[in-house]
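The file my_file-v5.cif comes next; it holds mmCIF, C-alpha atoms.
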```cif
data_target
#
loop_
_atom_site.label_atom_id
_atom_site.label_comp_id
_atom_site.auth_asym_id
_atom_site.auth_seq_id
_atom_site.Cartn_x
_atom_site.Cartn_y
_atom_site.Cartn_z
CA MET A 1 -125.35 -36.99 -163.87
CA LEU A 2 -128.10 -39.13 -162.33
CA ILE A 3 -127.26 -37.85 -158.85
CA GLN A 4 -127.41 -34.25 -160.10
CA LYS A 5 -130.77 -34.96 -161.74
CA VAL A 6 -132.14 -36.50 -158.56
CA ASP A 7 -130.78 -33.62 -156.47
CA LYS A 8 -132.38 -31.08 -158.80
CA ILE A 9 -135.76 -32.82 -158.78
CA THR A 10 -135.61 -33.32 -155.02
CA SER A 11 -134.74 -29.63 -154.56
CA ILE A 12 -137.71 -28.55 -156.67
CA ILE A 13 -140.04 -30.84 -154.77
CA GLN A 14 -138.65 -29.73 -151.41
CA ASN A 15 -139.26 -26.08 -152.32
CA ILE A 16 -142.80 -26.99 -153.22
CA LEU A 17 -143.22 -28.89 -149.96
CA ASN A 18 -141.72 -26.10 -147.87
CA ASN A 19 -143.93 -23.47 -149.47
CA LYS A 20 -146.96 -25.75 -149.64
CA MET A 21 -147.73 -24.54 -153.14
CA ASP A 22 -151.22 -25.61 -154.08
CA TYR A 23 -150.35 -26.02 -157.73
CA PHE A 24 -148.38 -29.19 -156.91
CA SER A 25 -151.72 -30.96 -156.74
CA LEU A 26 -152.50 -29.71 -160.25
CA LEU A 27 -149.61 -31.55 -161.90
CA PRO A 28 -150.60 -34.27 -164.40
CA ASN A 29 -150.92 -37.74 -162.88
CA GLU A 30 -148.19 -39.14 -165.14
CA LEU A 31 -145.74 -36.51 -163.87
CA LEU A 32 -146.68 -37.19 -160.25
CA LEU A 33 -146.00 -40.90 -160.77
CA GLU A 34 -142.60 -40.13 -162.29
CA LEU A 35 -141.65 -37.63 -159.59
CA SER A 36 -142.59 -40.10 -156.86
CA LEU A 37 -139.78 -42.40 -158.00
CA TYR A 38 -137.25 -39.75 -156.87
CA LEU A 39 -138.77 -39.21 -153.45
CA ASN A 40 -137.63 -41.04 -150.34
CA TYR A 41 -140.36 -42.30 -148.02
CA ARG A 42 -140.31 -39.28 -145.69
CA ASP A 43 -140.66 -36.78 -148.54
CA MET A 44 -143.31 -38.94 -150.18
CA ILE A 45 -145.41 -38.76 -147.03
CA LEU A 46 -144.91 -34.97 -146.91
CA ALA A 47 -146.01 -34.73 -150.53
CA CYS A 48 -149.05 -36.84 -149.77
CA ASP A 49 -150.04 -34.45 -147.02
CA ILE A 50 -150.35 -31.81 -149.73
CA LEU A 51 -151.64 -34.04 -152.52
CA LYS A 52 -154.06 -35.95 -150.32
CA CYS A 53 -152.75 -38.87 -152.36
CA HIS A 54 -154.73 -41.78 -151.04
CA ASN A 55 -154.55 -43.13 -154.59
CA VAL A 56 -152.73 -46.47 -154.31
CA ASN A 57 -151.27 -46.05 -157.81
CA LEU A 58 -148.46 -43.83 -156.47
CA TRP A 59 -147.25 -46.62 -154.16
CA LEU A 60 -147.88 -49.41 -156.67
CA ASN A 61 -145.85 -47.47 -159.21
CA LYS A 62 -142.95 -47.22 -156.75
CA ILE A 63 -143.19 -50.93 -155.92
CA ARG A 64 -143.19 -51.80 -159.61
CA LYS A 65 -140.66 -49.35 -161.06
CA GLU A 66 -138.47 -48.39 -158.12
CA LEU A 67 -138.31 -51.77 -156.36
CA GLY A 68 -138.68 -53.88 -159.51
CA TYR A 69 -141.53 -56.19 -158.49
CA SER A 70 -143.55 -57.79 -161.27
CA ASN A 71 -147.23 -57.21 -161.99
CA GLU A 72 -147.86 -60.85 -161.07
CA PHE A 73 -146.28 -60.40 -157.64
CA ILE A 74 -148.22 -57.19 -157.03
CA LYS A 75 -151.53 -58.82 -157.99
CA GLU A 76 -150.88 -61.79 -155.70
CA TYR A 77 -149.40 -60.07 -152.66
CA VAL A 78 -150.16 -56.35 -152.79
CA TYR A 79 -153.16 -55.14 -154.80
CA ASP A 80 -155.35 -56.40 -157.61
CA ASN A 81 -158.16 -54.50 -159.32
CA GLY A 82 -159.50 -52.75 -156.25
CA ILE A 83 -158.76 -55.59 -153.85
CA THR A 84 -155.98 -55.11 -151.30
CA LYS A 85 -154.06 -58.37 -150.93
CA THR A 86 -151.97 -57.34 -147.91
CA LEU A 87 -152.91 -56.61 -144.31
CA LEU A 88 -150.47 -53.70 -144.32
CA PRO A 89 -151.44 -50.29 -145.71
CA ILE A 90 -150.02 -50.03 -149.24
CA ASN A 91 -147.43 -47.44 -148.22
CA GLU A 92 -146.25 -49.73 -145.42
CA LYS A 93 -146.11 -52.71 -147.76
CA TYR A 94 -143.85 -50.60 -149.97
CA LEU A 95 -141.57 -50.02 -146.98
CA GLU A 96 -141.53 -53.69 -145.99
CA LEU A 97 -140.51 -54.66 -149.53
CA LYS A 98 -137.95 -51.86 -149.79
CA ALA A 99 -136.34 -52.92 -146.51
CA ARG A 100 -135.35 -56.21 -148.10
CA LYS A 101 -132.52 -54.60 -150.06
CA SER A 102 -132.17 -50.92 -149.20
CA ALA A 103 -132.57 -48.32 -146.47
CA ASP A 104 -135.05 -45.49 -146.04
CA PHE A 105 -136.84 -43.64 -143.29
CA GLY A 106 -139.34 -46.11 -141.83
CA CYS A 107 -137.45 -49.25 -142.86
CA GLU A 108 -136.29 -49.63 -139.25
CA PHE A 109 -139.72 -51.06 -138.45
CA TYR A 110 -139.08 -53.95 -140.86
CA LYS A 111 -135.33 -54.59 -140.66
CA ASP A 112 -132.37 -54.71 -138.24
CA ILE A 113 -130.83 -51.26 -137.84
CA ASP A 114 -127.27 -52.54 -138.28
CA ILE A 115 -127.78 -53.66 -141.87
CA LEU A 116 -129.79 -50.51 -142.64
CA ILE A 117 -126.78 -48.44 -141.54
CA ILE A 118 -124.49 -50.50 -143.79
CA TRP A 119 -126.76 -49.66 -146.72
CA ALA A 120 -127.66 -46.09 -145.72
CA SER A 121 -124.01 -45.04 -145.40
CA ARG A 122 -123.47 -46.08 -149.04
CA ILE A 123 -126.41 -44.12 -150.49
CA LYS A 124 -125.01 -41.85 -153.20
CA ASP A 125 -127.53 -39.12 -152.51
CA PHE A 126 -125.31 -37.69 -149.78
CA GLN A 127 -127.91 -35.39 -148.27
CA LEU A 128 -130.28 -38.31 -147.75
CA ALA A 129 -127.44 -40.54 -146.53
CA ASN A 130 -126.29 -37.98 -143.95
CA GLU A 131 -129.77 -37.48 -142.53
CA LEU A 132 -130.68 -41.16 -142.57
CA VAL A 133 -127.46 -42.42 -140.99
CA HIS A 134 -127.64 -39.89 -138.16
CA TYR A 135 -131.32 -40.75 -137.61
CA LEU A 136 -130.58 -44.49 -137.46
CA LEU A 137 -127.58 -44.06 -135.15
CA LYS A 138 -129.59 -41.85 -132.81
CA LEU A 139 -132.46 -44.33 -132.82
CA ALA A 140 -130.11 -47.27 -132.23
CA LYS A 141 -128.55 -45.56 -129.22
CA PHE A 142 -131.98 -44.64 -127.88
CA ILE A 143 -133.11 -48.26 -128.13
CA ASP A 144 -129.87 -49.71 -126.76
CA PRO A 145 -127.37 -47.31 -125.08
CA ASN A 146 -124.70 -50.05 -125.25
CA PHE A 147 -124.45 -50.08 -129.03
CA SER A 148 -120.85 -49.87 -130.24
CA SER A 149 -120.08 -51.09 -133.76
CA LEU A 150 -122.64 -49.13 -135.77
CA PRO A 151 -120.58 -45.91 -136.22
CA ASP A 152 -117.73 -48.10 -137.48
CA LYS A 153 -119.94 -49.59 -140.18
CA ALA A 154 -121.19 -46.14 -141.15
CA VAL A 155 -117.68 -44.73 -141.52
CA THR A 156 -116.58 -47.59 -143.79
CA GLY A 157 -119.61 -47.11 -146.03
CA ALA A 158 -119.27 -43.34 -146.18
CA VAL A 159 -115.59 -43.51 -147.16
CA ALA A 160 -116.33 -46.17 -149.77
CA VAL A 161 -118.73 -43.90 -151.68
CA GLY A 162 -116.74 -40.69 -151.14
CA ASN A 163 -119.14 -39.13 -148.64
CA PHE A 164 -116.37 -37.35 -146.73
CA GLN A 165 -118.68 -34.89 -144.99
CA LEU A 166 -120.53 -37.75 -143.31
CA THR A 167 -117.19 -39.39 -142.48
CA GLN A 168 -115.87 -36.23 -140.84
CA ASP A 169 -119.11 -35.72 -138.91
CA LEU A 170 -119.03 -39.27 -137.54
CA ILE A 171 -115.36 -39.04 -136.53
CA LYS A 172 -116.00 -35.74 -134.75
CA GLU A 173 -119.15 -37.00 -133.02
CA HIS A 174 -117.45 -40.16 -131.74
CA GLU A 175 -114.06 -38.82 -130.66
CA SER A 176 -113.40 -41.77 -128.35
CA TYR A 177 -113.42 -44.16 -131.32
CA ASP A 178 -110.42 -45.07 -133.46
CA PHE A 179 -111.75 -45.19 -137.02
CA ASP A 180 -108.42 -45.75 -138.80
CA ILE A 181 -109.12 -49.36 -139.75
CA MET A 182 -112.64 -48.49 -140.88
CA VAL A 183 -111.27 -45.75 -143.16
CA ILE A 184 -108.76 -48.24 -144.60
CA HIS A 185 -111.57 -50.72 -145.30
CA GLY A 186 -113.57 -48.02 -147.05
CA VAL A 187 -110.60 -46.88 -149.14
CA TYR A 188 -109.86 -50.38 -150.46
CA GLU A 189 -113.56 -51.00 -151.06
CA ALA A 190 -113.54 -48.02 -153.43
CA TYR A 191 -109.95 -48.23 -154.70
CA PRO A 192 -108.57 -51.77 -155.03
CA LYS A 193 -105.03 -50.42 -155.37
CA GLY A 194 -105.45 -48.07 -152.41
CA ASN A 195 -105.50 -44.28 -152.19
CA ASN A 196 -102.90 -42.60 -149.98
CA LYS A 197 -104.44 -39.16 -150.47
CA ILE A 198 -107.62 -40.23 -148.70
CA LEU A 199 -105.68 -41.94 -145.91
CA LYS A 200 -103.69 -38.74 -145.33
CA TYR A 201 -106.85 -36.62 -145.59
CA PHE A 202 -108.30 -38.50 -142.62
CA ASN A 203 -104.95 -38.56 -140.82
CA VAL A 204 -104.81 -42.36 -140.67
CA LYS A 205 -101.84 -43.33 -138.51
CA SER A 206 -102.41 -47.09 -138.33
CA PRO A 207 -100.26 -49.25 -140.63
CA VAL A 208 -102.09 -50.76 -143.59
CA TYR A 209 -102.04 -54.51 -142.97
CA GLU A 210 -102.82 -57.12 -145.59
CA ARG A 211 -105.87 -58.34 -143.66
CA ASP A 212 -107.42 -54.85 -143.81
CA ILE A 213 -106.73 -54.56 -147.54
CA ILE A 214 -108.43 -57.93 -148.05
CA GLU A 215 -111.40 -56.82 -145.95
CA GLY A 216 -111.86 -53.75 -148.14
CA LEU A 217 -111.44 -55.72 -151.36
CA ILE A 218 -114.08 -58.19 -150.24
CA ASN A 219 -116.49 -55.37 -149.35
CA GLY A 220 -115.94 -53.90 -152.81
CA GLY A 221 -116.20 -57.23 -154.62
CA HIS A 222 -112.81 -56.76 -156.28
CA LEU A 223 -112.36 -60.36 -157.32
CA GLU A 224 -109.33 -59.95 -159.58
CA GLU A 225 -107.37 -58.13 -156.88
CA LEU A 226 -108.34 -60.74 -154.29
CA LYS A 227 -107.00 -63.52 -156.49
CA LYS A 228 -103.51 -62.06 -155.97
CA TYR A 229 -103.65 -63.02 -152.29
CA ASP A 230 -103.30 -66.55 -150.98
CA THR A 231 -106.44 -66.32 -148.92
CA ARG A 232 -110.08 -67.26 -148.82
CA PRO A 233 -112.80 -65.11 -147.22
CA ASP A 234 -113.86 -66.37 -143.80
CA GLN A 235 -117.48 -66.71 -142.71
CA PHE A 236 -117.77 -63.12 -141.50
CA GLN A 237 -116.26 -61.77 -144.72
CA PHE A 238 -118.56 -63.93 -146.83
CA ALA A 239 -121.52 -62.49 -144.91
CA ASN A 240 -120.33 -58.93 -145.60
CA ALA A 241 -119.91 -59.72 -149.29
CA VAL A 242 -123.47 -61.04 -149.41
CA LYS A 243 -124.92 -58.02 -147.56
CA LEU A 244 -123.27 -55.72 -150.10
CA GLY A 245 -124.42 -57.78 -153.07
CA ARG A 246 -120.97 -58.98 -154.20
CA SER A 247 -122.47 -62.05 -155.85
CA GLU A 248 -119.62 -62.73 -158.28
CA LEU A 249 -117.16 -62.98 -155.40
CA VAL A 250 -119.42 -65.31 -153.43
CA LYS A 251 -120.02 -67.56 -156.43
CA TYR A 252 -116.32 -67.69 -157.27
CA TYR A 253 -115.25 -68.89 -153.81
CA ASP A 254 -118.29 -71.22 -153.68
CA PRO A 255 -118.53 -72.08 -149.97
CA GLN A 256 -118.95 -75.82 -149.48
CA ARG A 257 -121.45 -75.49 -146.66
CA TYR A 258 -124.06 -72.78 -146.60
CA MET A 259 -125.29 -72.73 -143.01
CA PHE A 260 -123.14 -69.78 -142.00
CA PHE A 261 -124.30 -67.32 -144.63
CA ILE A 262 -127.93 -68.27 -145.28
CA SER A 263 -128.90 -65.69 -142.64
CA ALA A 264 -126.96 -62.91 -144.40
CA LEU A 265 -128.27 -64.03 -147.77
CA VAL A 266 -131.93 -63.73 -146.78
CA ASN A 267 -131.46 -60.69 -144.53
CA SER A 268 -129.95 -58.74 -147.43
CA GLY A 269 -132.44 -59.89 -150.06
CA ARG A 270 -129.87 -61.74 -152.19
CA LEU A 271 -132.12 -64.69 -152.95
CA GLU A 272 -130.61 -65.02 -156.42
CA LEU A 273 -127.65 -66.67 -154.70
CA LEU A 274 -129.91 -69.61 -153.82
CA SER A 275 -129.76 -70.72 -157.43
CA GLY A 276 -127.78 -73.94 -157.74
CA LEU A 277 -127.41 -74.57 -154.01
CA LYS A 278 -128.04 -78.20 -153.01
CA LEU A 279 -129.20 -77.94 -149.42
CA ILE A 280 -129.39 -80.77 -146.94
CA GLN A 281 -132.47 -81.01 -144.69
CA GLU A 282 -130.98 -78.98 -141.85
CA GLU A 283 -129.97 -76.21 -144.24
CA THR A 284 -133.40 -76.20 -145.90
CA SER A 285 -135.02 -75.85 -142.49
CA LEU A 286 -132.70 -72.95 -141.66
CA LEU A 287 -133.50 -71.30 -144.98
CA ILE A 288 -137.27 -71.57 -144.37
CA ARG A 289 -136.86 -70.13 -140.88
CA HIS A 290 -135.03 -67.08 -142.21
CA LEU A 291 -137.52 -66.64 -145.05
CA ILE A 292 -140.31 -66.63 -142.48
CA ALA A 293 -138.44 -64.29 -140.13
CA HIS A 294 -137.92 -61.74 -142.91
CA GLY A 295 -141.43 -61.86 -144.39
CA TYR A 296 -140.79 -63.67 -147.70
CA LEU A 297 -144.31 -65.04 -147.98
CA GLU A 298 -144.00 -65.69 -151.71
CA GLU A 299 -140.96 -67.92 -151.10
CA VAL A 300 -142.30 -69.72 -148.02
CA ARG A 301 -145.47 -70.74 -149.87
CA LYS A 302 -143.31 -72.83 -152.21
CA TYR A 303 -142.60 -75.30 -149.42
CA GLU A 304 -144.86 -78.04 -148.09
CA HIS A 305 -146.69 -77.30 -144.85
CA SER A 306 -144.81 -80.15 -143.17
CA LEU A 307 -141.46 -78.47 -143.92
CA ILE A 308 -142.75 -75.13 -142.64
CA LYS A 309 -144.02 -76.83 -139.48
CA TYR A 310 -140.63 -78.47 -138.93
CA ALA A 311 -138.83 -75.17 -139.51
CA ILE A 312 -141.03 -73.36 -136.99
CA LYS A 313 -140.72 -76.12 -134.41
CA SER A 314 -136.93 -75.99 -134.62
CA GLY A 315 -136.83 -72.20 -134.33
CA TYR A 316 -139.76 -70.47 -132.64
CA TYR A 317 -137.85 -67.18 -132.77
CA VAL A 318 -139.11 -66.72 -136.33
CA ILE A 319 -142.58 -65.98 -134.97
CA ASP A 320 -141.05 -63.44 -132.59
CA ASN A 321 -139.35 -61.80 -135.56
CA CYS A 322 -142.61 -61.58 -137.52
CA ILE A 323 -144.07 -59.64 -134.60
CA ILE A 324 -141.06 -57.44 -133.83
CA TYR A 325 -140.54 -56.51 -137.49
CA ASN A 326 -144.22 -56.30 -138.41
CA HIS A 327 -144.42 -59.05 -141.05
CA ILE A 328 -148.12 -59.49 -140.43
CA ASP A 329 -148.90 -61.02 -143.84
CA MET A 330 -146.52 -63.84 -142.93
CA LEU A 331 -147.92 -64.02 -139.41
CA ASP A 332 -151.45 -64.29 -140.77
CA TYR A 333 -150.40 -67.05 -143.17
CA LEU A 334 -148.83 -69.05 -140.33
CA ASN A 335 -151.81 -68.41 -138.09
CA THR A 336 -154.10 -69.84 -140.76
CA ILE A 337 -152.06 -73.07 -140.92
CA PHE A 338 -150.87 -73.48 -137.31
CA PRO A 339 -153.24 -71.41 -135.11
CA ILE A 340 -152.49 -73.28 -131.87
CA LYS A 341 -148.71 -72.98 -132.28
CA ILE A 342 -148.93 -69.31 -133.19
CA LYS A 343 -151.19 -68.39 -130.29
CA SER A 344 -149.00 -70.29 -127.84
CA ARG A 345 -145.84 -68.58 -129.06
CA VAL A 346 -147.37 -65.09 -129.14
CA GLU A 347 -148.46 -65.54 -125.53
CA GLN A 348 -144.90 -66.52 -124.69
CA VAL A 349 -143.55 -63.44 -126.46
CA PHE A 350 -145.59 -61.16 -124.24
CA THR A 351 -144.63 -63.12 -121.13
CA ASP A 352 -140.88 -62.92 -121.75
CA ILE A 353 -138.99 -59.64 -121.81
CA ILE A 354 -138.18 -59.17 -125.49
CA PRO A 355 -137.71 -55.94 -127.48
CA ILE A 356 -141.23 -55.17 -128.71
CA GLY A 357 -140.81 -51.40 -128.93
CA ASN A 358 -140.61 -51.70 -132.73
CA VAL A 359 -144.05 -53.30 -133.04
CA LEU A 360 -146.39 -51.05 -135.03
CA ASP A 361 -149.97 -50.25 -134.11
CA ILE A 362 -151.19 -52.20 -137.17
CA THR A 363 -149.44 -55.32 -135.83
CA PHE A 364 -150.83 -54.86 -132.33
CA LYS A 365 -154.26 -54.39 -133.88
CA TYR A 366 -153.93 -57.64 -135.83
CA LEU A 367 -152.82 -59.55 -132.74
CA TYR A 368 -155.60 -58.14 -130.57
CA GLU A 369 -158.43 -58.49 -133.08
CA ASN A 370 -157.42 -62.10 -133.79
CA ASN A 371 -157.34 -62.96 -130.08
CA LEU A 372 -153.61 -63.65 -130.11
CA ILE A 373 -152.96 -61.17 -127.31
CA THR A 374 -155.15 -59.99 -124.47
CA GLN A 375 -155.66 -56.74 -122.65
CA LYS A 376 -153.72 -58.22 -119.73
CA ALA A 377 -150.76 -59.08 -121.97
CA LEU A 378 -150.56 -55.47 -123.13
CA GLN A 379 -150.65 -54.29 -119.52
CA ASN A 380 -147.61 -56.46 -118.84
CA ILE A 381 -145.34 -54.59 -121.28
CA ASP A 382 -142.40 -53.37 -119.24
CA SER A 383 -142.44 -49.68 -118.39
CA GLU A 384 -139.10 -48.85 -120.05
CA THR A 385 -140.21 -50.25 -123.41
CA TYR A 386 -143.58 -48.56 -123.03
CA GLU A 387 -142.00 -45.14 -122.43
CA LYS A 388 -139.65 -45.55 -125.40
CA MET A 389 -142.61 -46.40 -127.60
CA LYS A 390 -144.24 -43.17 -126.50
CA ILE A 391 -141.33 -41.26 -128.04
CA TYR A 392 -140.46 -43.08 -131.27
CA ASN A 393 -143.52 -45.28 -131.87
CA PRO A 394 -146.40 -43.07 -130.70
CA ASP A 395 -149.14 -44.68 -132.83
CA ALA A 396 -148.50 -48.04 -131.18
CA TYR A 397 -148.33 -46.39 -127.77
CA ASN A 398 -151.69 -44.69 -128.30
CA TYR A 399 -153.29 -47.89 -129.61
CA ILE A 400 -152.13 -49.89 -126.58
CA ASN A 401 -153.45 -47.14 -124.32
CA SER A 402 -156.83 -47.34 -126.02
CA ILE A 403 -157.00 -51.08 -125.33
CA ILE A 404 -155.68 -50.93 -121.77
CA ASN A 405 -158.19 -48.21 -120.88
CA LEU A 406 -161.20 -50.12 -122.19
CA SER A 407 -163.82 -50.34 -119.49
#
```

Before anything else, please render the file you have as structure tokens.
Amino acid sequence: MLIQKVDKITSIIQNILNNKMDYFSLLPNELLLELSLYLNYRDMILACDILKCHNVNLWLNKIRKELGYSNEFIKEYVYDNGITKTLLPINEKYLELKARKSADFGCEFYKDIDILIIWASRIKDFQLANELVHYLLKLAKFIDPNFSSLPDKAVTGAVAVGNFQLTQDLIKEHESYDFDIMVIHGVYEAYPKGNNKILKYFNVKSPVYERDIIEGLINGGHLEELKKYDTRPDQFQFANAVKLGRSELVKYYDPQRYMFFISALVNSGRLELLSGLKLIQEETSLLIRHLIAHGYLEEVRKYEHSLIKYAIKSGYYVIDNCIIYNHIDMLDYLNTIFPIKIKSRVEQVFTDIIPIGNVLDITFKYLYENNLITQKALQNIDSETYEKMKIYNPDAYNYINSIINLS
């Protein structure tokens, strides 16, 4: 029923957008706020082109009601009584926060594409899922032609939620792949006792092994069915369970050491699983590094500066990640505390060959205006990355051009 309601509302809005009906801007503000909760980011931007909705309340409402952030969090880290508390535009802050737990157009600038595909393929608005998955796969291949496992992850997710059209499309588009095991995983994620009709529908010829059943059960969080097997999820399976929010399963098996899944825990926004964990110093340092790398400023500020300094020193890649995935509020916080370390590392980032094609113009602007990068550093960006930015990150490309061409 909810999906039908969303589809109906989305259809109405899309008709309005396609026809550019002026009366959309005449709708009461309360209705606009409510409708915005059913719009994905791309359609929201299209609506704003018509509404001229520079009013931050639309985005704050989505952050509060759609993403579930408290008024206290918003006042401290987003917006408070006319004062913007983030260096990101409010619509981009919405995207950064959304990318912690779900996928949308634009989230690829704040999150690894592989986990976005895991989430996107399981979106129950199939039209959005189909468009978003194909967009992310195309973008992933454009960025790295050697990608291989992402269609597999998409097929498993699509089967799990019954999105058979997407499944068929992916199988047809990647004919050289054998998706049998991925289909089996998806079936047992959705149906803990299996479903032979679906296996036959996709012409699965591979035998159904116990390990593949277990993989699907773990993905689906089917704890009672898993208890029937004399097995314990391995590190990779625990990570998958965390990414998909199967918290009951993770808590039941209670891993004795947490190093191996702290990354998955933070990367998928499952911070509630931190409750009750007694971390040793090395694990705490790892946790802080991942919190920094994924932009959790509100969590990082809970730790003493000395712990943050130790975490950075033992993993400078976190600064790289703040740049690559545009966590400039975090970067600014670190720059305020450790300016020498940050400047030194940023210079190193633009000396080494690292994937900076994802860096947004607002991040480049922050780095340049705060003297963390120079005109020369921008000139040293490798030509292949620069040309790719021209295609899928044109605002950043144009900003760099404007700096390079300064007299």

Task: Selection under test: the PyMOL selection byres ((chain A and resi 161-171) around 12); residues as a PyMOL selection string - done: chain A and resi 118-134+137-138+150-160+172-180+182-183+185-191+195+198-199+201-204+219-220

Task: Picked residues, the PyMOL selection byres ((chain A and resi 331-334) around 10), as a VMD selection string - done: chain A and resid 86 to 87 292 to 293 295 297 300 to 301 305 308 to 309 312 318 to 323 326 to 330 335 to 339 341 to 342 363 366 to 367 370

- [ ] For the file shown, report as a ChimeraX atom specification the outcome of the PyMOL selection byres ((chain A and resi 386-403) around 6) at residue level.
- [x] /A:357,360-361,383-385,404-406

Emit the selected residues as a CSV table (one decimal), in the frame of the given file, including C-alpha atoms.
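Output file again-v7.csv follows:
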```csv
chain,number,residue,atom,x,y,z
A,357,GLY,CA,-140.8,-51.4,-128.9
A,360,LEU,CA,-146.4,-51.0,-135.0
A,361,ASP,CA,-150.0,-50.2,-134.1
A,383,SER,CA,-142.4,-49.7,-118.4
A,384,GLU,CA,-139.1,-48.8,-120.0
A,385,THR,CA,-140.2,-50.2,-123.4
A,404,ILE,CA,-155.7,-50.9,-121.8
A,405,ASN,CA,-158.2,-48.2,-120.9
A,406,LEU,CA,-161.2,-50.1,-122.2
```

Task: Interatomic distance (Å, one decimal) between atom CA of A:Asn71 and atom CA of A:Val56 - done: 14.3 Å

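One distance worth recording is that between atom CA of A:Asp234 and atom CA of A:Asp254, which is 11.9 Å.
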
- [ ] Could you check how far atom CA of A:Ala47 sits from atom CA of A:Val359, in Å to one decimal?
- [x]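 For atom CA of A:Ala47 relative to atom CA of A:Val359, the distance reads 25.6 Å.
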
Task: Long-range neighbours of A:Leu217 as a ChimeraX atom specification, 12 Å cut-off, all atoms listed in the file, 4 positions minimum in chain - done: /A:160,184-194,210-213,221-229,231-233,237-238,240-241,244,246,249

TODO: Would you kindly return, as a list in words, each protein, DNA or RNA residue with an atom no farther than 10 Å from any atom of A:Phe260, considering all atoms listed in the file and excluding same-chain residues fewer than 4 positions away?
DONE: Gln235, Phe236, Phe238, Ala239, Pro255, Ala264, Leu265 and Glu283 of chain A

- [ ] Within 12 Å of (-149.5, -46.4, -158.9) (coordinates as in the file), grab all the protein and nucleic acid residues, counting only C-alpha atoms, and write them out as a PyMOL selection string.
- [x] chain A and resi 29-37+53-66+71+74+78-81+90-91+94
